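Enquirer: Can you keep this structure in mind? I'll have questions shortly.
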Amino acid sequence: MERKLLSLAAAIAFAMVKASSAGAEILIGMAGALTGPNAYQGEQQQQGVELAIGDINAAGGVLGQKLRLISVDDACDSGQATAAAHKLVAEKVSFVVGHQCSGASIPAAGIYERAGIIQMTPASTSPRLTEEGRSNVFRICGRDDQQGAIAGAYLAAQGQDIRIAILSDGSIYGKGLTEETQRHLRNNGGVETLYDELDPGLSDFSSLVAKLQAAGIHVAYFAGYYREAAILIRNAREQGYNLQLVSGDSIASEAFIQVTGEAGEGTVFTSFRDPRRTPGAASLVERFRQKGFEPEGYTLYSYGAVQAWAQAVAKAGSIESQAVISALRSNEFETILGRISFDAKGDVRQPGFEWFIWRSGHYVPLE
């Protein structure tokens, strides 16, 4: 009788554990700028992660458990990023999509590493993020040394008679991208006429525009965030200056053209492949648009980050960090971005930077 009671107790305990597990949630963090001038990127992340989690939950969740999102605001600031990362650690999230700005992702990465949390950024392009050797860090977008290579080659191809300025906003992202662009410009036989750093946060760059005009600059390459790029070209047009602006991935948003108006037309920039244009993404893109949201910029990259992690968990058969890291590093994943995989540093092997141009209020591939 005693043996039967023990067997019955064990069966009840097993059933309780199974029921508890089935009802458990896996917490997912999203860290990005939800306030401040770069909040448009944070919204892209938020929208992408929310819909990915909703779709995964509708399909049964991950290992039979539902996902729940916890979002934190870092305002693209290193200090706030540190506080946001500590909050996600305290919440015991298993995975973080973010941060968006390199200056936020880099200080947060060590906090997640010590807590055993996997971080995957859909937007931070500074090579330093994955060069620091943290096994928990992954990047689903490209790097600035890749972006700078094609930017430098493009600038060099403009010809020796074209006077070029290289401008940075002084951020980790801006400085890193200008350095790579300068290096590749010179490797391709070109050289900039002028280099300068502008002060982010100002509402007028007329004095810098006058300096560029006095130096006879034809093309200004700006590495930094969209707001400063937008004000710069708007000020140039206000002064009747036909400056050609060239920039990077941060202006891949209608937020840029909303600030510039017609002044932004003709601006060219590098950015990641636009997955909205692939046939396999059509139905998902339409679902976003039905919600009244255009899934530009980092939206689908954020969606793809959740997909890749969820598939790695399924392959690992566990949410235990080291098992999922091993799965991420040794498998390929079918995502809205196509089939992707990660190298030993955690960088995606399929970055796919391309050239775009602003035309009629939208950015389209440069042909």
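Following the order of the structure tokens, chains are lettered A, B, ..., residues in each are numbered from 1, and ligands are numbered from 1.
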Set the distance at 9 Å and use only C-alpha atoms: which residues neighbour stretch 101-108 of chain A once local chain neighbours fewer than 3 positions away are removed? I'd like the list as JSON, numbers by chain.

Expert: {"A": [31, 32, 33, 38, 74, 75, 76, 77, 78, 79, 80, 81, 82, 83, 84, 85, 86, 98, 111, 112, 113, 119, 121, 123, 124, 125, 126, 128, 129, 130, 171, 172, 173]}

Enquirer: Extract, using only C-alpha atoms, all DNA, RNA and protein residues at most 6 Å from A:Phe353, discarding same-chain residues fewer than 5 positions from it, and format them as a list in words.

Expert: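 Using only C-alpha atoms, the neighbours found are Ser271, Phe272 and Arg273 of chain A.
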
Enquirer: Using only C-alpha atoms, find the one residue out of A:Glu132, A:Tyr154, A:Gln311, A:Leu194 that sits nearest to A:Phe333.

Expert: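 Using only C-alpha atoms, A:Phe333 sits closest to A:Gln311.
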
Enquirer: Any chance you could list, as an MDAnalysis selection string, the residues in stretch 43-146 of chain A that come up alpha helix (DSSP H) when DSSP is run on the backbone?

Expert: chainID A and resid 43:58 78:90 102:115 128:131 144:146

Enquirer: Find the residue from A:Leu27, A:Leu232, A:Ala153, A:Leu212 that sits nearest to A:Val93; use only C-alpha atoms when measuring.

Expert: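 Counting only C-alpha atoms, the residue closest to A:Val93 is A:Leu27.
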
Enquirer: Residues near A:Glu43, anyone? I mean within 10 Å using only C-alpha atoms, not counting same-chain ones fewer than 4 positions away, as a list in words.

Expert: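 The residues that qualify are Gly32, Ala33, Leu34, Thr35, Asn38, Ala39, Gln47, Gly48, Val49, Phe293, Pro295, Tyr298 and Thr299 of chain A.
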
Enquirer: I need the residues in stretch 79-319 of chain A that are strand (DSSP E) according to DSSP; give them as JSON, numbers by chain.

Expert: {"A": [95, 96, 97, 98, 118, 119, 120, 121, 137, 138, 139, 164, 165, 166, 167, 168, 194, 195, 196, 197, 219, 220, 221, 222, 223, 244, 245, 246, 247, 268, 269, 270, 271, 272]}

Enquirer: How would the residues just chosen look if you wrote them out with N, CA and C atoms as a compact mmCIF listing (two decimals), in the first residue's frame?

Expert:
```txt
# COMPACT_ATOMS: atom_id res chain seq x y z
N PHE A 95 16.06 36.24 -23.43
CA PHE A 95 16.58 36.71 -24.71
C PHE A 95 16.25 38.18 -24.85
N VAL A 96 17.17 38.96 -25.44
CA VAL A 96 16.95 40.38 -25.67
C VAL A 96 17.13 40.70 -27.14
N VAL A 97 16.13 41.34 -27.73
CA VAL A 97 16.27 41.92 -29.07
C VAL A 97 16.67 43.37 -28.87
N GLY A 98 17.89 43.71 -29.24
CA GLY A 98 18.38 45.06 -29.04
C GLY A 98 19.86 45.02 -28.68
N ILE A 118 21.10 35.91 -23.81
CA ILE A 118 21.48 36.10 -25.21
C ILE A 118 20.93 37.44 -25.71
N GLN A 119 21.79 38.18 -26.40
CA GLN A 119 21.44 39.47 -26.98
C GLN A 119 21.60 39.39 -28.50
N MET A 120 20.59 39.85 -29.24
CA MET A 120 20.70 39.90 -30.70
C MET A 120 20.21 41.26 -31.18
N THR A 121 21.10 42.03 -31.78
CA THR A 121 20.73 43.36 -32.24
C THR A 121 20.28 43.33 -33.70
N VAL A 137 26.50 37.41 -27.68
CA VAL A 137 26.11 38.53 -28.55
C VAL A 137 25.99 38.09 -30.00
N PHE A 138 24.86 38.46 -30.61
CA PHE A 138 24.63 38.17 -32.03
C PHE A 138 24.12 39.43 -32.71
N ARG A 139 24.40 39.50 -34.01
CA ARG A 139 23.98 40.64 -34.81
C ARG A 139 23.31 40.11 -36.08
N ILE A 164 35.01 66.26 -51.64
CA ILE A 164 34.21 65.45 -50.71
C ILE A 164 34.48 65.88 -49.27
N ALA A 165 33.42 66.00 -48.50
CA ALA A 165 33.53 66.19 -47.05
C ALA A 165 33.03 64.94 -46.35
N ILE A 166 33.70 64.55 -45.27
CA ILE A 166 33.24 63.44 -44.44
C ILE A 166 32.90 64.02 -43.07
N LEU A 167 31.67 63.77 -42.64
CA LEU A 167 31.13 64.36 -41.42
C LEU A 167 30.63 63.27 -40.49
N SER A 168 30.82 63.49 -39.19
CA SER A 168 30.37 62.54 -38.18
C SER A 168 29.58 63.29 -37.11
N LEU A 194 37.68 67.68 -46.68
CA LEU A 194 37.38 68.23 -45.36
C LEU A 194 36.78 67.14 -44.49
N TYR A 195 37.17 67.14 -43.22
CA TYR A 195 36.55 66.28 -42.22
C TYR A 195 36.08 67.16 -41.08
N ASP A 196 34.89 66.87 -40.54
CA ASP A 196 34.39 67.66 -39.43
C ASP A 196 33.41 66.82 -38.62
N GLU A 197 33.23 67.22 -37.36
CA GLU A 197 32.21 66.62 -36.50
C GLU A 197 31.20 67.70 -36.14
N VAL A 219 30.07 66.88 -52.46
CA VAL A 219 29.43 65.71 -51.85
C VAL A 219 29.80 65.68 -50.36
N ALA A 220 28.79 65.58 -49.50
CA ALA A 220 29.03 65.43 -48.06
C ALA A 220 28.57 64.05 -47.63
N TYR A 221 29.51 63.26 -47.10
CA TYR A 221 29.15 61.97 -46.54
C TYR A 221 28.96 62.15 -45.04
N PHE A 222 27.77 61.86 -44.55
CA PHE A 222 27.46 62.04 -43.12
C PHE A 222 27.20 60.70 -42.47
N ALA A 223 27.94 60.40 -41.40
CA ALA A 223 27.73 59.19 -40.60
C ALA A 223 27.17 59.62 -39.25
N GLN A 244 25.22 67.39 -52.55
CA GLN A 244 24.77 66.00 -52.61
C GLN A 244 25.06 65.34 -51.27
N LEU A 245 24.02 64.90 -50.58
CA LEU A 245 24.20 64.22 -49.29
C LEU A 245 24.23 62.71 -49.50
N VAL A 246 25.22 62.07 -48.89
CA VAL A 246 25.35 60.61 -48.89
C VAL A 246 25.43 60.19 -47.42
N SER A 247 24.73 59.12 -47.06
CA SER A 247 24.70 58.75 -45.64
C SER A 247 24.58 57.24 -45.48
N VAL A 268 21.24 59.91 -51.18
CA VAL A 268 21.55 58.48 -51.36
C VAL A 268 22.18 57.94 -50.08
N PHE A 269 21.97 56.66 -49.81
CA PHE A 269 22.50 56.08 -48.58
C PHE A 269 22.62 54.57 -48.70
N THR A 270 23.47 54.02 -47.87
CA THR A 270 23.60 52.57 -47.76
C THR A 270 22.70 52.08 -46.63
N SER A 271 22.16 50.91 -46.82
CA SER A 271 21.41 50.25 -45.75
C SER A 271 21.35 48.76 -46.04
N PHE A 272 20.79 48.03 -45.09
CA PHE A 272 20.65 46.59 -45.27
C PHE A 272 19.66 46.31 -46.40
```

Enquirer: Using only C-alpha atoms, can you tell me which of A:Pro351, A:Gly133, A:Gly189, A:Gly346 comes closest to A:Tyr301?

Expert: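 Smallest separation from A:Tyr301 among the options: A:Pro351.
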
Enquirer: From the set A:Glu50, A:Asn136, A:Glu296, A:Gln44, which residue has the shortest atom-to-atom contact distance to A:Ala344, counting only C-alpha atoms?

Expert: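 Among the listed residues, the smallest separation from A:Ala344 belongs to A:Asn136.
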
Enquirer: For A:Ser207, please output as a VMD selection string all residues within 12 Å (counting only C-alpha atoms; exclusion window: fewer than 6 positions along the same chain).

Expert: chain A and resid 198 to 199 213 to 214 232 235 to 236 239

Enquirer: Generate the output file for the selected residues, N, CA, C and O atoms, as a PDB file, in the first residue's frame.

Expert:
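Contents of part-v3.pdb, as written:
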```
ATOM      1  N   LEU A 198      29.934  67.359 -36.247  1.00  0.00           N
ATOM      2  CA  LEU A 198      28.903  68.316 -35.856  1.00  0.00           C
ATOM      3  C   LEU A 198      28.381  67.953 -34.470  1.00  0.00           C
ATOM      4  O   LEU A 198      28.615  66.860 -33.959  1.00  0.00           O
ATOM      5  N   ASP A 199      27.706  68.899 -33.859  1.00  0.00           N
ATOM      6  CA  ASP A 199      27.159  68.688 -32.520  1.00  0.00           C
ATOM      7  C   ASP A 199      25.731  68.158 -32.618  1.00  0.00           C
ATOM      8  O   ASP A 199      24.830  68.891 -33.049  1.00  0.00           O
ATOM      9  N   GLN A 213      30.280  75.040 -48.101  1.00  0.00           N
ATOM     10  CA  GLN A 213      30.130  75.796 -49.346  1.00  0.00           C
ATOM     11  C   GLN A 213      31.409  76.578 -49.653  1.00  0.00           C
ATOM     12  O   GLN A 213      31.858  76.628 -50.808  1.00  0.00           O
ATOM     13  N   ALA A 214      32.015  77.180 -48.621  1.00  0.00           N
ATOM     14  CA  ALA A 214      33.247  77.945 -48.806  1.00  0.00           C
ATOM     15  C   ALA A 214      34.397  77.053 -49.281  1.00  0.00           C
ATOM     16  O   ALA A 214      35.281  77.500 -50.016  1.00  0.00           O
ATOM     17  N   LEU A 232      20.803  69.052 -41.741  1.00  0.00           N
ATOM     18  CA  LEU A 232      21.944  69.476 -42.555  1.00  0.00           C
ATOM     19  C   LEU A 232      21.541  69.729 -44.006  1.00  0.00           C
ATOM     20  O   LEU A 232      21.827  70.795 -44.579  1.00  0.00           O
ATOM     21  N   ASN A 235      19.079  72.694 -44.341  1.00  0.00           N
ATOM     22  CA  ASN A 235      19.771  73.981 -44.261  1.00  0.00           C
ATOM     23  C   ASN A 235      20.510  74.304 -45.553  1.00  0.00           C
ATOM     24  O   ASN A 235      20.540  75.466 -45.992  1.00  0.00           O
ATOM     25  N   ALA A 236      21.126  73.285 -46.166  1.00  0.00           N
ATOM     26  CA  ALA A 236      21.838  73.512 -47.425  1.00  0.00           C
ATOM     27  C   ALA A 236      20.885  74.007 -48.508  1.00  0.00           C
ATOM     28  O   ALA A 236      21.191  74.967 -49.237  1.00  0.00           O
ATOM     29  N   GLN A 239      19.839  77.566 -48.198  1.00  0.00           N
ATOM     30  CA  GLN A 239      20.870  78.514 -48.621  1.00  0.00           C
ATOM     31  C   GLN A 239      21.147  78.432 -50.122  1.00  0.00           C
ATOM     32  O   GLN A 239      22.098  79.039 -50.618  1.00  0.00           O
TER      33      GLN A 239
END
```

Enquirer: Could you name the residues that touch A:Tyr226 at 6 Å or less, counting only C-alpha atoms, but leaving out those on the same chain fewer than 3 positions away, as a PDB file with all heavy atoms, in the first residue's frame?

Expert:
```pdb
ATOM      1  N   ALA A 229      21.240  64.510 -40.077  1.00  0.00           N
ATOM      2  CA  ALA A 229      21.347  64.434 -41.543  1.00  0.00           C
ATOM      3  C   ALA A 229      20.246  65.247 -42.198  1.00  0.00           C
ATOM      4  O   ALA A 229      20.475  65.980 -43.177  1.00  0.00           O
ATOM      5  CB  ALA A 229      21.271  62.977 -41.993  1.00  0.00           C
ATOM      6  N   ALA A 230      19.035  65.138 -41.664  1.00  0.00           N
ATOM      7  CA  ALA A 230      17.890  65.838 -42.239  1.00  0.00           C
ATOM      8  C   ALA A 230      18.025  67.353 -42.121  1.00  0.00           C
ATOM      9  O   ALA A 230      17.762  68.100 -43.072  1.00  0.00           O
ATOM     10  CB  ALA A 230      16.606  65.359 -41.558  1.00  0.00           C
ATOM     11  N   SER A 250      20.983  54.756 -40.942  1.00  0.00           N
ATOM     12  CA  SER A 250      20.068  55.368 -39.972  1.00  0.00           C
ATOM     13  C   SER A 250      19.005  56.239 -40.625  1.00  0.00           C
ATOM     14  O   SER A 250      18.020  56.601 -39.979  1.00  0.00           O
ATOM     15  CB  SER A 250      20.841  56.209 -38.957  1.00  0.00           C
ATOM     16  OG  SER A 250      21.224  57.451 -39.496  1.00  0.00           O
ATOM     17  N   ILE A 251      19.167  56.594 -41.905  1.00  0.00           N
ATOM     18  CA  ILE A 251      18.136  57.425 -42.548  1.00  0.00           C
ATOM     19  C   ILE A 251      17.149  56.578 -43.353  1.00  0.00           C
ATOM     20  O   ILE A 251      16.356  57.119 -44.133  1.00  0.00           O
ATOM     21  CB  ILE A 251      18.740  58.550 -43.413  1.00  0.00           C
ATOM     22  CG1 ILE A 251      19.396  58.009 -44.679  1.00  0.00           C
ATOM     23  CG2 ILE A 251      19.732  59.375 -42.615  1.00  0.00           C
ATOM     24  CD1 ILE A 251      19.742  59.109 -45.674  1.00  0.00           C
ATOM     25  N   PHE A 256      13.125  60.638 -41.707  1.00  0.00           N
ATOM     26  CA  PHE A 256      14.096  61.517 -42.378  1.00  0.00           C
ATOM     27  C   PHE A 256      13.403  62.482 -43.323  1.00  0.00           C
ATOM     28  O   PHE A 256      13.591  63.695 -43.256  1.00  0.00           O
ATOM     29  CB  PHE A 256      15.119  60.660 -43.136  1.00  0.00           C
ATOM     30  CG  PHE A 256      16.034  61.447 -44.042  1.00  0.00           C
ATOM     31  CD1 PHE A 256      17.095  62.170 -43.515  1.00  0.00           C
ATOM     32  CD2 PHE A 256      15.840  61.465 -45.417  1.00  0.00           C
ATOM     33  CE1 PHE A 256      17.942  62.902 -44.356  1.00  0.00           C
ATOM     34  CE2 PHE A 256      16.668  62.186 -46.259  1.00  0.00           C
ATOM     35  CZ  PHE A 256      17.729  62.905 -45.724  1.00  0.00           C
TER      36      PHE A 256
END
```

Enquirer: What's around A:Arg234 at 12 Å? Count only C-alpha atoms, leave out sequence neighbours fewer than 2 positions away in its own chain, and write the answer as a PyMOL selection string.

Expert: chain A and resi 203-206+209+227-232+236-245+256-265+267

Enquirer: Check the smallest atom-to-atom distance from each of A:Gly338, A:Gly148, A:Gly292, A:Gly201 to A:Ala305 using only C-alpha atoms, then report the winner.

Expert: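 Using only C-alpha atoms, the shortest distance to A:Ala305 belongs to A:Gly338.
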
Enquirer: Could you state the separation of atom CA of A:Ile217 and atom CA of A:His184 in Å, given to one decimal place?

Expert: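 These two atoms are separated by 19.3 Å.
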